[in-house]
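Text of protein.cif, listed as mmCIF, all heavy atoms:
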data_entry
loop_
_atom_site.label_atom_id
_atom_site.label_comp_id
_atom_site.auth_asym_id
_atom_site.auth_seq_id
_atom_site.Cartn_x
_atom_site.Cartn_y
_atom_site.Cartn_z
N MET A 1 107.96 88.62 219.98
CA MET A 1 106.58 88.80 219.52
C MET A 1 105.68 87.75 220.18
O MET A 1 106.01 86.57 220.19
CB MET A 1 106.55 88.64 217.99
CG MET A 1 105.16 88.84 217.43
SD MET A 1 105.11 90.27 216.37
CE MET A 1 103.48 90.08 215.65
N ASN A 2 104.59 88.19 220.73
CA ASN A 2 103.70 87.26 221.41
C ASN A 2 102.90 86.44 220.41
O ASN A 2 102.52 86.93 219.36
CB ASN A 2 102.76 88.02 222.34
CG ASN A 2 103.49 88.59 223.53
OD1 ASN A 2 104.57 88.12 223.88
ND2 ASN A 2 102.94 89.61 224.14
N HIS A 3 102.64 85.23 220.79
CA HIS A 3 101.93 84.31 219.92
C HIS A 3 100.50 84.14 220.40
O HIS A 3 100.25 83.89 221.57
CB HIS A 3 102.64 82.95 219.91
CG HIS A 3 101.92 81.94 219.09
ND1 HIS A 3 101.90 81.99 217.72
CD2 HIS A 3 101.17 80.89 219.44
CE1 HIS A 3 101.18 80.97 217.27
NE2 HIS A 3 100.72 80.28 218.30
N VAL A 4 99.55 84.27 219.47
CA VAL A 4 98.14 84.06 219.82
C VAL A 4 97.76 82.63 219.47
O VAL A 4 97.89 82.21 218.32
CB VAL A 4 97.22 85.03 219.05
CG1 VAL A 4 95.77 84.80 219.47
CG2 VAL A 4 97.62 86.47 219.31
N ASN A 5 97.30 81.92 220.47
CA ASN A 5 96.81 80.56 220.27
C ASN A 5 95.32 80.66 219.90
O ASN A 5 94.45 80.62 220.75
CB ASN A 5 97.02 79.75 221.55
CG ASN A 5 96.64 78.29 221.36
OD1 ASN A 5 95.96 77.93 220.42
ND2 ASN A 5 97.11 77.47 222.28
N LYS A 6 95.07 80.82 218.59
CA LYS A 6 93.70 81.09 218.13
C LYS A 6 92.76 79.95 218.47
O LYS A 6 91.61 80.19 218.84
CB LYS A 6 93.70 81.29 216.60
CG LYS A 6 94.02 82.69 216.19
CD LYS A 6 93.71 82.87 214.71
CE LYS A 6 94.28 84.20 214.22
NZ LYS A 6 94.37 84.24 212.76
N ASP A 7 93.23 78.73 218.33
CA ASP A 7 92.37 77.58 218.63
C ASP A 7 91.92 77.61 220.08
O ASP A 7 90.75 77.37 220.38
CB ASP A 7 93.11 76.26 218.35
CG ASP A 7 93.30 76.05 216.85
OD1 ASP A 7 92.58 76.70 216.06
OD2 ASP A 7 94.16 75.24 216.48
N TRP A 8 92.87 77.91 220.96
CA TRP A 8 92.51 77.96 222.38
C TRP A 8 91.47 79.04 222.62
O TRP A 8 90.48 78.83 223.32
CB TRP A 8 93.76 78.19 223.25
CG TRP A 8 93.43 78.07 224.70
CD1 TRP A 8 93.45 76.93 225.45
CD2 TRP A 8 92.99 79.12 225.56
NE1 TRP A 8 93.03 77.21 226.73
CE2 TRP A 8 92.75 78.54 226.83
CE3 TRP A 8 92.76 80.48 225.39
CZ2 TRP A 8 92.31 79.29 227.92
CZ3 TRP A 8 92.30 81.23 226.48
CH2 TRP A 8 92.09 80.64 227.72
N HIS A 9 91.69 80.20 222.04
CA HIS A 9 90.75 81.30 222.24
C HIS A 9 89.36 80.98 221.71
O HIS A 9 88.35 81.34 222.32
CB HIS A 9 91.28 82.59 221.60
CG HIS A 9 92.20 83.33 222.51
ND1 HIS A 9 91.77 84.19 223.48
CD2 HIS A 9 93.56 83.31 222.60
CE1 HIS A 9 92.82 84.69 224.13
NE2 HIS A 9 93.92 84.17 223.62
N LEU A 10 89.30 80.29 220.59
CA LEU A 10 88.00 79.92 220.02
C LEU A 10 87.25 78.96 220.94
O LEU A 10 86.02 79.02 221.04
CB LEU A 10 88.18 79.28 218.64
CG LEU A 10 88.48 80.26 217.51
CD1 LEU A 10 88.81 79.51 216.23
CD2 LEU A 10 87.30 81.20 217.28
N GLU A 11 88.00 78.11 221.59
CA GLU A 11 87.37 77.10 222.44
C GLU A 11 87.18 77.57 223.88
O GLU A 11 86.58 76.87 224.69
CB GLU A 11 88.22 75.82 222.43
CG GLU A 11 88.11 75.09 221.11
CD GLU A 11 89.11 73.95 220.99
OE1 GLU A 11 89.65 73.52 222.02
OE2 GLU A 11 89.33 73.51 219.85
N ASN A 12 87.74 78.70 224.22
CA ASN A 12 87.70 79.17 225.60
C ASN A 12 87.30 80.64 225.66
O ASN A 12 88.11 81.52 225.95
CB ASN A 12 89.07 78.98 226.26
CG ASN A 12 89.42 77.52 226.40
OD1 ASN A 12 89.07 76.88 227.37
ND2 ASN A 12 90.11 76.98 225.40
N LYS A 13 86.03 80.87 225.37
CA LYS A 13 85.52 82.24 225.45
C LYS A 13 85.31 82.60 226.92
O LYS A 13 84.83 81.78 227.70
CB LYS A 13 84.18 82.35 224.73
CG LYS A 13 84.24 81.94 223.27
CD LYS A 13 84.71 83.07 222.39
CE LYS A 13 84.51 82.72 220.92
NZ LYS A 13 85.38 83.49 220.05
N MET A 14 85.60 83.86 227.24
CA MET A 14 85.28 84.36 228.58
C MET A 14 83.76 84.42 228.69
O MET A 14 83.10 84.90 227.78
CB MET A 14 85.90 85.75 228.75
CG MET A 14 85.66 86.36 230.09
SD MET A 14 86.65 85.65 231.42
CE MET A 14 88.16 86.63 231.28
N PRO A 15 83.19 83.90 229.81
CA PRO A 15 81.73 84.01 229.98
C PRO A 15 81.27 85.47 229.92
O PRO A 15 82.05 86.38 230.20
CB PRO A 15 81.49 83.42 231.37
CG PRO A 15 82.69 82.59 231.67
CD PRO A 15 83.84 83.23 230.93
N ASP A 16 80.00 85.68 229.57
CA ASP A 16 79.49 87.04 229.42
C ASP A 16 79.62 87.87 230.69
O ASP A 16 80.06 89.00 230.66
CB ASP A 16 78.01 87.00 229.02
CG ASP A 16 77.87 86.88 227.51
OD1 ASP A 16 78.88 87.10 226.82
OD2 ASP A 16 76.77 86.56 227.03
N LYS A 17 79.17 87.29 231.81
CA LYS A 17 79.30 88.01 233.08
C LYS A 17 80.08 87.13 234.04
O LYS A 17 79.49 86.52 234.94
CB LYS A 17 77.90 88.34 233.64
CG LYS A 17 77.22 89.42 232.83
CD LYS A 17 75.83 89.69 233.34
CE LYS A 17 75.14 90.73 232.44
NZ LYS A 17 73.69 90.73 232.64
N PRO A 18 81.38 87.07 233.84
CA PRO A 18 82.18 86.14 234.65
C PRO A 18 82.23 86.56 236.11
O PRO A 18 82.28 87.75 236.43
CB PRO A 18 83.56 86.22 234.01
CG PRO A 18 83.61 87.57 233.37
CD PRO A 18 82.20 87.87 232.92
N THR A 19 82.21 85.56 236.98
CA THR A 19 82.49 85.82 238.38
C THR A 19 83.99 86.04 238.51
O THR A 19 84.76 85.75 237.59
CB THR A 19 82.10 84.61 239.26
OG1 THR A 19 82.91 83.50 238.88
CG2 THR A 19 80.63 84.26 239.10
N ARG A 20 84.41 86.51 239.67
CA ARG A 20 85.83 86.70 239.92
C ARG A 20 86.59 85.38 239.75
O ARG A 20 87.66 85.34 239.15
CB ARG A 20 85.98 87.22 241.36
CG ARG A 20 87.30 87.81 241.69
CD ARG A 20 87.24 88.48 243.06
NE ARG A 20 88.58 88.69 243.57
CZ ARG A 20 89.40 89.66 243.16
NH1 ARG A 20 88.99 90.52 242.26
NH2 ARG A 20 90.61 89.78 243.64
N GLU A 21 85.98 84.30 240.24
CA GLU A 21 86.62 83.00 240.13
C GLU A 21 86.71 82.54 238.68
O GLU A 21 87.73 82.00 238.26
CB GLU A 21 85.84 81.97 240.96
CG GLU A 21 86.52 80.61 240.94
CD GLU A 21 85.88 79.62 241.89
OE1 GLU A 21 84.87 79.94 242.52
OE2 GLU A 21 86.43 78.51 241.98
N GLN A 22 85.64 82.74 237.91
CA GLN A 22 85.67 82.37 236.49
C GLN A 22 86.75 83.13 235.74
O GLN A 22 87.45 82.58 234.90
CB GLN A 22 84.31 82.64 235.83
CG GLN A 22 83.27 81.58 236.16
CD GLN A 22 81.92 81.94 235.58
OE1 GLN A 22 81.48 83.08 235.64
NE2 GLN A 22 81.25 80.95 235.02
N ARG A 23 86.89 84.41 236.06
CA ARG A 23 87.95 85.21 235.42
C ARG A 23 89.32 84.67 235.81
O ARG A 23 90.21 84.55 234.96
CB ARG A 23 87.83 86.68 235.83
CG ARG A 23 86.74 87.41 235.07
CD ARG A 23 86.61 88.84 235.56
NE ARG A 23 87.86 89.58 235.43
CZ ARG A 23 88.34 90.44 236.33
NH1 ARG A 23 87.66 90.67 237.43
NH2 ARG A 23 89.47 91.05 236.12
N ALA A 24 89.49 84.36 237.08
CA ALA A 24 90.78 83.85 237.55
C ALA A 24 91.13 82.56 236.82
O ALA A 24 92.23 82.40 236.30
CB ALA A 24 90.74 83.63 239.05
N LYS A 25 90.16 81.64 236.77
CA LYS A 25 90.40 80.34 236.12
C LYS A 25 90.71 80.53 234.64
O LYS A 25 91.58 79.85 234.08
CB LYS A 25 89.17 79.43 236.28
CG LYS A 25 88.85 79.09 237.73
CD LYS A 25 89.49 77.78 238.15
CE LYS A 25 89.83 77.73 239.61
NZ LYS A 25 88.93 77.12 240.51
N TRP A 26 89.99 81.45 234.02
CA TRP A 26 90.24 81.72 232.59
C TRP A 26 91.67 82.20 232.40
O TRP A 26 92.38 81.73 231.52
CB TRP A 26 89.24 82.76 232.06
CG TRP A 26 89.30 82.96 230.57
CD1 TRP A 26 88.54 82.33 229.63
CD2 TRP A 26 90.18 83.85 229.85
NE1 TRP A 26 88.91 82.76 228.38
CE2 TRP A 26 89.91 83.69 228.48
CE3 TRP A 26 91.18 84.75 230.24
CZ2 TRP A 26 90.58 84.40 227.49
CZ3 TRP A 26 91.85 85.46 229.26
CH2 TRP A 26 91.56 85.29 227.90
N HIS A 27 92.10 83.12 233.23
CA HIS A 27 93.46 83.67 233.07
C HIS A 27 94.53 82.62 233.38
O HIS A 27 95.58 82.61 232.75
CB HIS A 27 93.64 84.91 233.95
CG HIS A 27 93.00 86.12 233.34
ND1 HIS A 27 93.48 86.72 232.20
CD2 HIS A 27 91.91 86.83 233.70
CE1 HIS A 27 92.70 87.76 231.89
NE2 HIS A 27 91.74 87.84 232.78
N ILE A 28 94.26 81.75 234.35
CA ILE A 28 95.22 80.69 234.66
C ILE A 28 95.38 79.77 233.45
O ILE A 28 96.51 79.48 233.03
CB ILE A 28 94.75 79.90 235.91
CG1 ILE A 28 94.90 80.77 237.16
CG2 ILE A 28 95.55 78.60 236.05
CD1 ILE A 28 94.15 80.25 238.39
N GLU A 29 94.26 79.34 232.87
CA GLU A 29 94.34 78.47 231.69
C GLU A 29 94.95 79.23 230.52
O GLU A 29 95.72 78.68 229.74
CB GLU A 29 92.95 77.94 231.32
CG GLU A 29 92.43 76.89 232.28
CD GLU A 29 93.43 75.75 232.47
OE1 GLU A 29 93.90 75.19 231.49
OE2 GLU A 29 93.75 75.45 233.64
N HIS A 30 94.57 80.48 230.40
CA HIS A 30 95.10 81.29 229.30
C HIS A 30 96.62 81.36 229.35
O HIS A 30 97.29 81.16 228.35
CB HIS A 30 94.49 82.70 229.35
CG HIS A 30 94.95 83.56 228.22
ND1 HIS A 30 95.76 84.64 228.42
CD2 HIS A 30 94.76 83.45 226.88
CE1 HIS A 30 96.03 85.18 227.22
NE2 HIS A 30 95.42 84.49 226.28
N LEU A 31 97.15 81.62 230.54
CA LEU A 31 98.61 81.73 230.69
C LEU A 31 99.32 80.43 230.29
O LEU A 31 100.42 80.45 229.77
CB LEU A 31 98.98 82.06 232.13
CG LEU A 31 99.14 83.53 232.48
CD1 LEU A 31 99.55 83.63 233.94
CD2 LEU A 31 100.19 84.19 231.60
N LYS A 32 98.67 79.30 230.58
CA LYS A 32 99.28 78.01 230.26
C LYS A 32 99.27 77.73 228.77
O LYS A 32 100.08 76.95 228.28
CB LYS A 32 98.50 76.88 230.96
CG LYS A 32 98.69 76.82 232.46
CD LYS A 32 97.91 75.63 233.00
CE LYS A 32 97.77 75.70 234.51
NZ LYS A 32 96.68 74.82 234.96
N ASN A 33 98.29 78.32 228.09
CA ASN A 33 98.06 77.94 226.69
C ASN A 33 98.41 79.00 225.67
O ASN A 33 98.48 78.71 224.48
CB ASN A 33 96.59 77.55 226.51
CG ASN A 33 96.27 76.24 227.20
OD1 ASN A 33 96.63 75.19 226.70
ND2 ASN A 33 95.62 76.30 228.34
N CYS A 34 98.59 80.21 226.11
CA CYS A 34 98.71 81.31 225.16
C CYS A 34 99.55 82.43 225.77
O CYS A 34 99.48 82.68 226.97
CB CYS A 34 97.31 81.79 224.80
SG CYS A 34 97.27 83.04 223.52
N THR A 35 100.31 83.10 224.92
CA THR A 35 101.16 84.19 225.41
C THR A 35 100.80 85.52 224.74
O THR A 35 101.64 86.39 224.61
CB THR A 35 102.64 83.88 225.15
OG1 THR A 35 102.82 83.65 223.76
CG2 THR A 35 103.08 82.66 225.94
N CYS A 36 99.54 85.65 224.32
CA CYS A 36 99.18 86.85 223.56
C CYS A 36 99.19 88.11 224.41
O CYS A 36 99.28 89.20 223.89
CB CYS A 36 97.84 86.67 222.84
SG CYS A 36 96.38 86.75 223.87
N ARG A 37 99.06 87.97 225.72
CA ARG A 37 99.19 89.18 226.54
C ARG A 37 99.85 88.84 227.89
O ARG A 37 99.69 87.76 228.42
CB ARG A 37 97.86 89.89 226.76
CG ARG A 37 96.71 88.99 227.12
CD ARG A 37 95.49 89.85 227.39
NE ARG A 37 94.27 89.19 226.96
CZ ARG A 37 93.10 89.30 227.58
NH1 ARG A 37 92.97 90.06 228.62
NH2 ARG A 37 92.03 88.67 227.14
N VAL A 38 100.55 89.84 228.37
CA VAL A 38 101.22 89.71 229.67
C VAL A 38 100.21 90.13 230.73
O VAL A 38 99.53 91.14 230.56
CB VAL A 38 102.46 90.65 229.70
CG1 VAL A 38 103.10 90.63 231.07
CG2 VAL A 38 103.44 90.24 228.62
N PRO A 39 100.08 89.34 231.82
CA PRO A 39 99.12 89.72 232.86
C PRO A 39 99.45 91.08 233.48
O PRO A 39 100.60 91.36 233.77
CB PRO A 39 99.25 88.61 233.90
CG PRO A 39 100.02 87.52 233.27
CD PRO A 39 100.81 88.12 232.15
N THR A 40 98.42 91.89 233.66
CA THR A 40 98.61 93.13 234.40
C THR A 40 98.77 92.76 235.88
O THR A 40 98.42 91.65 236.28
CB THR A 40 97.38 94.04 234.25
OG1 THR A 40 96.26 93.37 234.84
CG2 THR A 40 97.08 94.35 232.79
N PRO A 41 99.27 93.68 236.70
CA PRO A 41 99.37 93.38 238.14
C PRO A 41 98.03 92.96 238.74
O PRO A 41 97.99 92.07 239.59
CB PRO A 41 99.87 94.71 238.74
CG PRO A 41 100.63 95.35 237.63
CD PRO A 41 99.88 94.97 236.36
N ALA A 42 96.94 93.56 238.30
CA ALA A 42 95.61 93.21 238.83
C ALA A 42 95.26 91.77 238.46
O ALA A 42 94.72 91.02 239.29
CB ALA A 42 94.55 94.17 238.31
N ILE A 43 95.54 91.39 237.23
CA ILE A 43 95.25 90.03 236.79
C ILE A 43 96.16 89.03 237.50
O ILE A 43 95.72 87.97 237.93
CB ILE A 43 95.34 89.91 235.26
CG1 ILE A 43 94.16 90.64 234.62
CG2 ILE A 43 95.37 88.45 234.82
CD1 ILE A 43 94.24 90.79 233.12
N GLN A 44 97.41 89.41 237.67
CA GLN A 44 98.33 88.52 238.37
C GLN A 44 97.87 88.29 239.82
O GLN A 44 97.93 87.18 240.34
CB GLN A 44 99.75 89.11 238.34
CG GLN A 44 100.80 88.14 238.87
CD GLN A 44 100.87 86.84 238.06
OE1 GLN A 44 101.07 86.86 236.87
NE2 GLN A 44 100.68 85.71 238.73
N ALA A 45 97.36 89.34 240.44
CA ALA A 45 96.86 89.20 241.82
C ALA A 45 95.66 88.27 241.87
O ALA A 45 95.53 87.44 242.78
CB ALA A 45 96.48 90.58 242.37
N LEU A 46 94.80 88.38 240.86
CA LEU A 46 93.64 87.50 240.76
C LEU A 46 94.09 86.05 240.59
O LEU A 46 93.56 85.14 241.24
CB LEU A 46 92.81 87.96 239.55
CG LEU A 46 91.46 87.32 239.29
CD1 LEU A 46 90.49 87.64 240.42
CD2 LEU A 46 90.91 87.81 237.97
N ILE A 47 95.05 85.84 239.73
CA ILE A 47 95.59 84.49 239.50
C ILE A 47 96.18 83.94 240.80
O ILE A 47 95.90 82.80 241.17
CB ILE A 47 96.67 84.53 238.39
CG1 ILE A 47 96.00 84.78 237.03
CG2 ILE A 47 97.48 83.23 238.38
CD1 ILE A 47 96.98 85.09 235.91
N ASP A 48 96.96 84.74 241.48
CA ASP A 48 97.60 84.27 242.72
C ASP A 48 96.56 83.86 243.77
O ASP A 48 96.78 82.96 244.57
CB ASP A 48 98.49 85.38 243.30
CG ASP A 48 99.72 85.62 242.44
OD1 ASP A 48 100.02 84.75 241.59
OD2 ASP A 48 100.36 86.66 242.62
N GLU A 49 95.42 84.55 243.72
CA GLU A 49 94.37 84.28 244.69
C GLU A 49 93.73 82.90 244.49
O GLU A 49 93.36 82.25 245.43
CB GLU A 49 93.31 85.38 244.51
CG GLU A 49 92.46 85.66 245.70
CD GLU A 49 91.56 86.85 245.41
OE1 GLU A 49 92.07 87.95 245.10
OE2 GLU A 49 90.34 86.67 245.47
N TYR A 50 93.61 82.49 243.23
CA TYR A 50 92.86 81.26 242.92
C TYR A 50 93.71 80.10 242.46
O TYR A 50 93.22 78.98 242.37
CB TYR A 50 91.80 81.55 241.84
CG TYR A 50 90.63 82.32 242.39
CD1 TYR A 50 90.58 83.70 242.29
CD2 TYR A 50 89.59 81.66 243.04
CE1 TYR A 50 89.51 84.43 242.80
CE2 TYR A 50 88.51 82.37 243.55
CZ TYR A 50 88.48 83.75 243.43
OH TYR A 50 87.42 84.45 243.93
N GLU A 51 94.96 80.34 242.13
CA GLU A 51 95.79 79.26 241.61
C GLU A 51 96.00 78.20 242.67
O GLU A 51 96.24 78.51 243.84
CB GLU A 51 97.15 79.82 241.14
CG GLU A 51 97.84 78.87 240.20
CD GLU A 51 98.99 79.55 239.50
OE1 GLU A 51 99.63 80.42 240.13
OE2 GLU A 51 99.26 79.21 238.35
N GLU A 52 95.91 76.93 242.23
CA GLU A 52 96.03 75.82 243.19
C GLU A 52 97.47 75.38 243.33
O GLU A 52 98.21 75.40 242.39
CB GLU A 52 95.16 74.65 242.73
CG GLU A 52 93.68 74.93 242.98
CD GLU A 52 92.80 74.28 241.90
OE1 GLU A 52 93.26 73.34 241.24
OE2 GLU A 52 91.68 74.75 241.74
ZN ZN B 101 95.69 84.61 224.32
#

Just give me the structure of the file as structure tokens.
Amino acid sequence: MNHVNKDWHLENKMPDKPTREQRAKWHIEHLKNCTCRVPTPAIQALIDEYEE
């Protein structure tokens, strides 16, 4: 069962109109802090593009 890190989500809202980079950074931090969802292939590709 996936765990939702509610505190993290409350403190890390996705911007209203995120750029591609903002979305990538959000998902990278999200993966480190929360396991509420598994990245789709599209999200994983976005992460791979921006991850340092
Ligand atoms: Zn989450």

For chain A versus ligand ZN 101 (chain B), which residues have an atom no more than 4.5 Å away, and what is each residue's nearest atom pair and distance in Å rounded to one decimal, using all atoms listed in the file, chain-then-number order, as JSON lines?
{"residue": "A:His9", "atom": "NE2", "partner": "B:ZN101", "partner_atom": "ZN", "distance": 2.0}
{"residue": "A:His30", "atom": "NE2", "partner": "B:ZN101", "partner_atom": "ZN", "distance": 2.0}
{"residue": "A:Cys34", "atom": "SG", "partner": "B:ZN101", "partner_atom": "ZN", "distance": 2.4}
{"residue": "A:Cys36", "atom": "SG", "partner": "B:ZN101", "partner_atom": "ZN", "distance": 2.3}

Selection export as a compact mmCIF listing (two decimals), in the coordinates of the input, atoms kept: all heavy atoms:
# COMPACT_ATOMS: atom_id res chain seq x y z
N HIS A 9 91.69 80.20 222.04
CA HIS A 9 90.75 81.30 222.24
C HIS A 9 89.36 80.98 221.71
O HIS A 9 88.35 81.34 222.32
CB HIS A 9 91.28 82.59 221.60
CG HIS A 9 92.20 83.33 222.51
ND1 HIS A 9 91.77 84.19 223.48
CD2 HIS A 9 93.56 83.31 222.60
CE1 HIS A 9 92.82 84.69 224.13
NE2 HIS A 9 93.92 84.17 223.62
N HIS A 30 94.57 80.48 230.40
CA HIS A 30 95.10 81.29 229.30
C HIS A 30 96.62 81.36 229.35
O HIS A 30 97.29 81.16 228.35
CB HIS A 30 94.49 82.70 229.35
CG HIS A 30 94.95 83.56 228.22
ND1 HIS A 30 95.76 84.64 228.42
CD2 HIS A 30 94.76 83.45 226.88
CE1 HIS A 30 96.03 85.18 227.22
NE2 HIS A 30 95.42 84.49 226.28
N CYS A 34 98.59 80.21 226.11
CA CYS A 34 98.71 81.31 225.16
C CYS A 34 99.55 82.43 225.77
O CYS A 34 99.48 82.68 226.97
CB CYS A 34 97.31 81.79 224.80
SG CYS A 34 97.27 83.04 223.52
N CYS A 36 99.54 85.65 224.32
CA CYS A 36 99.18 86.85 223.56
C CYS A 36 99.19 88.11 224.41
O CYS A 36 99.28 89.20 223.89
CB CYS A 36 97.84 86.67 222.84
SG CYS A 36 96.38 86.75 223.87

List the neighbours of Arg20 in chain A out to 12 Å using only C-alpha atoms; skip same-chain residues closer than 4 positions along the sequence, and give me the result as a PyMOL selection string.
chain A and resi 14-15+24-27+42-43+45-47+49-50

For Asn33 in chain A: contacts at 6 Å, all atoms listed in the file, fewer than 5 positions along chain excluded, given as a PyMOL selection string:
chain A and resi 5+8+28

Name the residues of chain A that fall into helix (DSSP H, G or I) according to DSSP on the backbone, using the chain letters and numbers of this document, as a PyMOL selection string.
chain A and resi 6-11+20-33+41-50

For the atom pair atom C of Pro41 in chain A and OE2 of Glu21 in chain A, what is the interatomic distance in Å to one decimal place?
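Value for the atom C of Pro41 in chain A-OE2 of Glu21 in chain A distance: 18.8 Å.
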
Can you tell me how far atom C of Pro39 in chain A sits from atom N of Gln22 in chain A, in Å to one decimal?
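Calculated distance between atom C of Pro39 in chain A and atom N of Gln22 in chain A is 16.7 Å.
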
Report the distance between CA of Glu11 in chain A and CA of Lys32 in chain A in Å, rounded to one decimal place.
14.3 Å
